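Contents: one structure, followed by commentary.
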Amino acid sequence: MSATAKIEMRGVKKSFGSNHVLRGVDLTVPAGESLVIIGGSGTGKSVALKCILGLIPPDSGQILVDGEDVRRKRGRERERLLDKFGMLFQGGALFDSLLVWENVAFRLLQGSRRRPRNEARAIAVEKLRRVGLKEPTAGLFPAELSGGMQKRVGLARAICAEPEIIFFDEPTTGLDPIMADVINDLIREIVVEMGVTAVTITHDMTSVRKIADQVAMIHEGVIQWTGPVSEIDSTENPYVHQFVNGLAEGPIEAIR
Amino acid sequence: MAILSAFQGFLASIGGTVLWLCRETGALAIFALSGTTHIFRPPWYPAELLRQFMRIGFYSLPVVGMTALFTGGALALQIYAGGSRFNAESVVPQIVAIGMTRELGPVLGGLMVAGRVSASVAAELGTMRVTEQIDALSTLSTNPMKYLVAPRLLAATIAMPMLAFIGDIIGIMGGFLVGIARLEFNATTYIKTTWDFLETGDITSGLIKAAVFGFIIALMGCYQGYHSGRGAQGVGRATTNAVVTASILILATNYVLTEALFPA
């Protein structure tokens with residue numbers, strides 16, 4: 001393992017029945033960099049992220065976070081590992097029985113990082129302000145917010161406990177182009193400002209160009225190409241070429 | 001040849017069902033065990049427990065009360081009609097009391113609560129599964145088995161005996177009301193007969209049953225919701241399965257418990 005790798009996946013495989021989603025993923029995410037994983041729908045992007053978080057157990061292969069194998073972690077140790085992560089889910093995944101601020105401060109309201117409620121609320125309001133939401137929003141329920149606002153709240157929740165690594169699952173899906181751009185800018189700012197390691201999965205090329213340092217292309221459960229974002233237009237790799245340019249013809253079959 | 005292959009297909013479908021049944025039973029047992037151990041291990045979520053207790057217990061009161069009231073009343077009429085065939089009309093208070101406390105209070109109450117609570121728990125957890133809220137809990141360093149499942153299991157196991165006890169009282173009152181209004185019983189005699197006749201065991205056995213039913217109700221709701229399939233259809237199926245399996249398990253467990261508590 002190189003000294004600067006924050007996350008390392010080695011030969012990770014995962015099948016659901018006869019559906020081989022990951023067929024040996026090798027991927028290194030350098031510390032402090034923003035990696036974007038691109039690939040079509042159903043190519044295993046989400047599964048790869050969920051394997052790192054331990055939400056899905058991989059069939060074989062190794063996953064290291066800060067050089068530690070995540071697969072053997074149980075109970076407290078696993079909690080300590082997950083404390084390093086923040087995740088923005090595709091649909092927000094906000095808890096609809098809790099208020100907006102309780103969602104944002106969830107980590108600060110229970111478990112080992114528990115704090116007094118008014119203190120937690122103050123931190124939540126500050127994080128909400130960071131993602132562009134005003135104080136009155138804190139007292140609403142998630143169902144009362146628009147899609148863009150829910151994404152912002154999800155982002156505030158992901159950054160609330162100062163994580164070292166943030167995952168973004170399709171951050172711009174379901175948003176209008178203007179809101180998508182706002183969210184992209186916000187992600188870029190936060191990643192730079194907090195100095196975190198970020199992994200984003202998306203099929204939105206605008207997003208890729210905005211937030212990526214490094215790009216990895218996944219197809220058929222294997223990482224087909226990795227490289228800096230500046231090379232995605234010049235690479236010879238046929239998969240990347242087809243994807244970046246949105247072509248129907250190429251090695252990636254359109255029927256999935 | 002065609003007959004042979006049809007026969008093989010028949011055997012294969014039986015085998016497949018048996019295997020599926022074994023797998024489901026095993027998965028359910030592991031889920032139940034894991035949920036139960038999390039009840040006893042910190043961290044605990046008292047606010048969640050209280051919320052679930054209110055939802056499962058307090059808000060089920062009207063349903064359980066109504067069920068008990070009308071069942072007690074109908075029971076009194078039936079026993080009177082049946083008893084009159086051999087001049088034993090006077091046993092109404094005793095049989096209503098024993099019927100309500102030992103069987104109908106816990107079982108009918110349990111079935112009604114199964115319809116109400118298993119369904120809503122399965123739908124809630126199923127929606128949380130589908131919208132990735134359960135995954136989100138994990139990423140926020142919170143074990144969903146502890147935060148979602150354990151409080152519901154504990155709340156239902158405590159709430160159900162309380163509901164059954166209240167149901168017992170209301171059911172006996174239903175029988176009493178019908179007894180004095182329609183069957184010309186004397187109010188004082190009715191109450192005295194019931195009081196003298198009932199033994200502690202009649203009531204506690206019913207409460208033990210109710211606690212087990214409460215556990216089953218929450219377990220099936222949580223299990224089905226937790227493993228819900230994708231989309232609205234998946235959640236719908238989880239909800240149906242939760243109610244059906246909880247109801248059947250309640251009835252089956254009731255027989256086993258009755259055998260154990262009152263051996264013939």
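By order of appearance in the structure tokens: chains A, B, ..., then residues from 1 within every chain, and ligands from 1 in the order shown.
Every residue of chain A that lies within 7 Å of chain B is listed here, counting only C-alpha atoms: Leu55, Glu79, Leu82, Asp83, Phe85, Gly86, Met87, Gly91, Ala93, Leu94, Phe95, Arg107 and Gly111 of chain A.
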Since we have the selection now, will you write its residues out, keeping C-alpha atoms, as an mmCIF file, in the first residue's frame?
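Writing the result to part_5.cif gives the following:
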data_model
loop_
_atom_site.group_PDB
_atom_site.id
_atom_site.type_symbol
_atom_site.label_atom_id
_atom_site.label_comp_id
_atom_site.auth_asym_id
_atom_site.auth_seq_id
_atom_site.Cartn_x
_atom_site.Cartn_y
_atom_site.Cartn_z
ATOM 1 C CA LEU A 55 -23.449 -2.197 3.877
ATOM 2 C CA GLU A 79 -18.595 2.436 14.375
ATOM 3 C CA LEU A 82 -17.821 4.663 9.946
ATOM 4 C CA ASP A 83 -17.179 7.842 11.940
ATOM 5 C CA PHE A 85 -17.338 8.674 6.577
ATOM 6 C CA GLY A 86 -20.096 10.971 5.477
ATOM 7 C CA MET A 87 -22.440 10.002 2.705
ATOM 8 C CA GLY A 91 -32.618 10.389 -2.790
ATOM 9 C CA ALA A 93 -32.362 9.352 2.569
ATOM 10 C CA LEU A 94 -33.395 11.876 5.196
ATOM 11 C CA PHE A 95 -35.256 10.423 8.172
ATOM 12 C CA ARG A 107 -24.622 11.879 14.946
ATOM 13 C CA GLY A 111 -23.992 7.438 20.689
#
Exercise. Using the chain letters and numbers from this document, which residues of segment 12-65 of chain A does DSSP assign to strand (DSSP E or B), as a list of chain:residue names?
Worked result: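 Restricting segment 12-65 of chain A to strand (DSSP E or B) produces A:Val12, A:Lys13, A:Lys14, A:Ser15, A:Phe16, A:Asn19, A:His20, A:Val21, A:Leu22, A:Arg23, A:Gly24, A:Val25, A:Asp26, A:Leu27, A:Thr28, A:Val29, A:Pro30, A:Ser34, A:Leu35, A:Val36, A:Ile37, A:Ile38, A:Ser60, A:Gly61, A:Gln62, A:Ile63, A:Leu64, A:Val65.
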For this session: Considering only C-alpha atoms, return as a list of chain:residue names whatever protein or nucleic-acid residues lie within 8 Å of Leu49 of chain B, sequence-local ones (same chain, fewer than 2 positions apart) excluded.
Result: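 Near Leu49 of chain B, the qualifying residues are B:Tyr45, B:Pro46, B:Ala47, B:Arg51, B:Gln52, B:Phe53, B:Pro151, B:Arg152, B:Leu154, B:Ala155.
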Could you take the residues named above and write them with N, CA and C atoms, as a PDB file, in the first residue's frame?
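File written: part_31.pdb
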ATOM      1  N   TYR B  45     -31.827   3.518  23.151  1.00  0.00           N
ATOM      2  CA  TYR B  45     -32.491   4.710  22.632  1.00  0.00           C
ATOM      3  C   TYR B  45     -33.828   4.892  23.330  1.00  0.00           C
ATOM      4  N   PRO B  46     -33.812   5.446  24.558  1.00  0.00           N
ATOM      5  CA  PRO B  46     -35.050   5.538  25.340  1.00  0.00           C
ATOM      6  C   PRO B  46     -36.135   6.369  24.660  1.00  0.00           C
ATOM      7  N   ALA B  47     -35.743   7.410  23.947  1.00  0.00           N
ATOM      8  CA  ALA B  47     -36.745   8.251  23.277  1.00  0.00           C
ATOM      9  C   ALA B  47     -37.492   7.432  22.221  1.00  0.00           C
ATOM     10  N   ARG B  51     -41.465   6.377  22.136  1.00  0.00           N
ATOM     11  CA  ARG B  51     -42.288   6.691  20.975  1.00  0.00           C
ATOM     12  C   ARG B  51     -42.998   5.431  20.460  1.00  0.00           C
ATOM     13  N   GLN B  52     -42.244   4.334  20.379  1.00  0.00           N
ATOM     14  CA  GLN B  52     -42.838   3.082  19.889  1.00  0.00           C
ATOM     15  C   GLN B  52     -43.867   2.553  20.867  1.00  0.00           C
ATOM     16  N   PHE B  53     -43.597   2.739  22.165  1.00  0.00           N
ATOM     17  CA  PHE B  53     -44.526   2.265  23.181  1.00  0.00           C
ATOM     18  C   PHE B  53     -45.867   2.983  23.046  1.00  0.00           C
ATOM     19  N   PRO B 151     -36.029  -1.356  19.887  1.00  0.00           N
ATOM     20  CA  PRO B 151     -37.083  -0.630  20.609  1.00  0.00           C
ATOM     21  C   PRO B 151     -38.489  -1.124  20.268  1.00  0.00           C
ATOM     22  N   ARG B 152     -38.701  -1.493  19.004  1.00  0.00           N
ATOM     23  CA  ARG B 152     -40.035  -1.969  18.615  1.00  0.00           C
ATOM     24  C   ARG B 152     -40.352  -3.308  19.258  1.00  0.00           C
ATOM     25  N   LEU B 154     -39.104  -4.529  22.054  1.00  0.00           N
ATOM     26  CA  LEU B 154     -39.303  -4.362  23.498  1.00  0.00           C
ATOM     27  C   LEU B 154     -40.643  -3.680  23.783  1.00  0.00           C
ATOM     28  N   ALA B 155     -40.932  -2.618  23.033  1.00  0.00           N
ATOM     29  CA  ALA B 155     -42.173  -1.871  23.262  1.00  0.00           C
ATOM     30  C   ALA B 155     -43.391  -2.788  23.096  1.00  0.00           C
TER      31      ALA B 155
END
Exercise. Pick the closest to Leu27 of chain A from A:Ile232, A:Leu186, A:Ile223, A:Ile211: which is it, counting only C-alpha atoms?
Worked result: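 So, comparing all the options, the nearest one is A:Ile223.
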For this session: Please identify which residues in segment 12-211 of chain A DSSP calls alpha helix (DSSP H) from the backbone, and express them as a PyMOL selection string.
Result: chain A and resi 45-53+75-82+100-104+106-109+117-130+147-159+177-194+205-211
Seminar exercise, completed: Here atom CA of Ala74 of chain B and atom CA of Thr240 of chain B stand apart by 29.3 Å
For this session: May I have the residues within 9 Å of Val244 of chain A as an NGL selection string, using only C-alpha atoms and disregarding those fewer than 3 positions away in the same chain?
Result: :A and (205 or 232-233 or 239-241 or 247)
Exercise. Leaving out segment 251-259 of chain B and any residue of its chain fewer than 2 positions from it, which residues lie within 9 Å of it when counting only C-alpha atoms, given as a ChimeraX atom specification?
Worked result: /B:102-103,107,111,205,208-209,212-213,246-249,261-264
Problem set entry | Nearest to Arg182 of chain B, chosen from B:Gly126, B:Gly115, B:Pro106, B:Gly73, with only C-alpha atoms counted in the distances | B:Gly73
Exercise. What lies within 12 Å of Gln150 of chain A using only C-alpha atoms, ignoring chain neighbours under 2 positions off, as an MDAnalysis selection string?
Worked result: chainID A and resid 88:96 99:101 103:104 128 131:133 137:138 140:148 152:157 171:172 174:175 179 183
Using the selection just defined, write its residues with C-alpha atoms as an mmCIF file, in the first residue's frame.
data_model
loop_
_atom_site.group_PDB
_atom_site.id
_atom_site.type_symbol
_atom_site.label_atom_id
_atom_site.label_comp_id
_atom_site.auth_asym_id
_atom_site.auth_seq_id
_atom_site.Cartn_x
_atom_site.Cartn_y
_atom_site.Cartn_z
ATOM 1 C CA LEU A 88 -24.869 11.909 0.536
ATOM 2 C CA PHE A 89 -27.480 9.468 -0.728
ATOM 3 C CA GLN A 90 -29.121 9.705 -4.106
ATOM 4 C CA GLY A 91 -32.618 10.389 -2.790
ATOM 5 C CA GLY A 92 -31.311 12.214 0.261
ATOM 6 C CA ALA A 93 -32.362 9.352 2.569
ATOM 7 C CA LEU A 94 -33.395 11.876 5.196
ATOM 8 C CA PHE A 95 -35.256 10.423 8.172
ATOM 9 C CA ASP A 96 -38.781 11.645 7.629
ATOM 10 C CA LEU A 99 -36.929 17.481 11.858
ATOM 11 C CA VAL A 100 -34.374 18.871 9.419
ATOM 12 C CA TRP A 101 -31.941 19.923 12.137
ATOM 13 C CA ASN A 103 -31.379 14.905 10.655
ATOM 14 C CA VAL A 104 -28.311 17.086 10.218
ATOM 15 C CA LEU A 128 -27.297 24.293 7.075
ATOM 16 C CA VAL A 131 -25.036 24.682 2.320
ATOM 17 C CA GLY A 132 -27.152 27.775 1.727
ATOM 18 C CA LEU A 133 -30.218 27.111 3.872
ATOM 19 C CA THR A 137 -35.606 25.475 7.486
ATOM 20 C CA ALA A 138 -34.140 23.703 10.515
ATOM 21 C CA LEU A 140 -39.296 21.801 9.141
ATOM 22 C CA PHE A 141 -39.767 18.147 8.250
ATOM 23 C CA PRO A 142 -37.874 16.797 5.215
ATOM 24 C CA ALA A 143 -41.153 16.146 3.353
ATOM 25 C CA GLU A 144 -41.830 19.903 3.372
ATOM 26 C CA LEU A 145 -38.687 20.632 1.322
ATOM 27 C CA SER A 146 -38.067 20.671 -2.427
ATOM 28 C CA GLY A 147 -35.705 18.130 -4.034
ATOM 29 C CA GLY A 148 -32.838 20.616 -4.196
ATOM 30 C CA ARG A 152 -28.598 20.351 0.615
ATOM 31 C CA VAL A 153 -29.839 18.958 3.905
ATOM 32 C CA GLY A 154 -28.341 15.566 2.999
ATOM 33 C CA LEU A 155 -25.064 17.334 2.279
ATOM 34 C CA ALA A 156 -25.213 19.188 5.594
ATOM 35 C CA ARG A 157 -25.809 15.880 7.385
ATOM 36 C CA PRO A 171 -25.533 14.089 -6.371
ATOM 37 C CA THR A 172 -27.210 15.800 -9.334
ATOM 38 C CA GLY A 174 -33.290 14.485 -10.333
ATOM 39 C CA LEU A 175 -32.293 18.149 -10.176
ATOM 40 C CA MET A 179 -29.715 23.409 -9.213
ATOM 41 C CA ILE A 183 -24.854 21.474 -5.900
#
Exercise. Could you name the residues that touch Gly44 of chain A at 6 Å or less, counting only C-alpha atoms, but leaving out those on the same chain fewer than 3 positions away, as a PyMOL selection string?
Worked result: chain A and resi 21+47+221
For this session: Have a look at atom CA of Asp204 of chain A and atom CA of Leu35 of chain A and let me know their distance in Å, one decimal.
Result: 14.0 Å
Problem set entry | From B:Pro144, B:Gly65, B:Gly109, B:Gly57, residue lying nearest His38 of chain B [only C-alpha atoms] |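 Nearest candidate to His38 of chain B out of B:Pro144, B:Gly65, B:Gly109, B:Gly57: B:Pro144.
With only C-alpha atoms as the atoms that count, the residue of B:Ile98, B:Ile166, B:Leu11, B:Ala32 with the shortest distance to Leu153 of chain B is B:Ala32.
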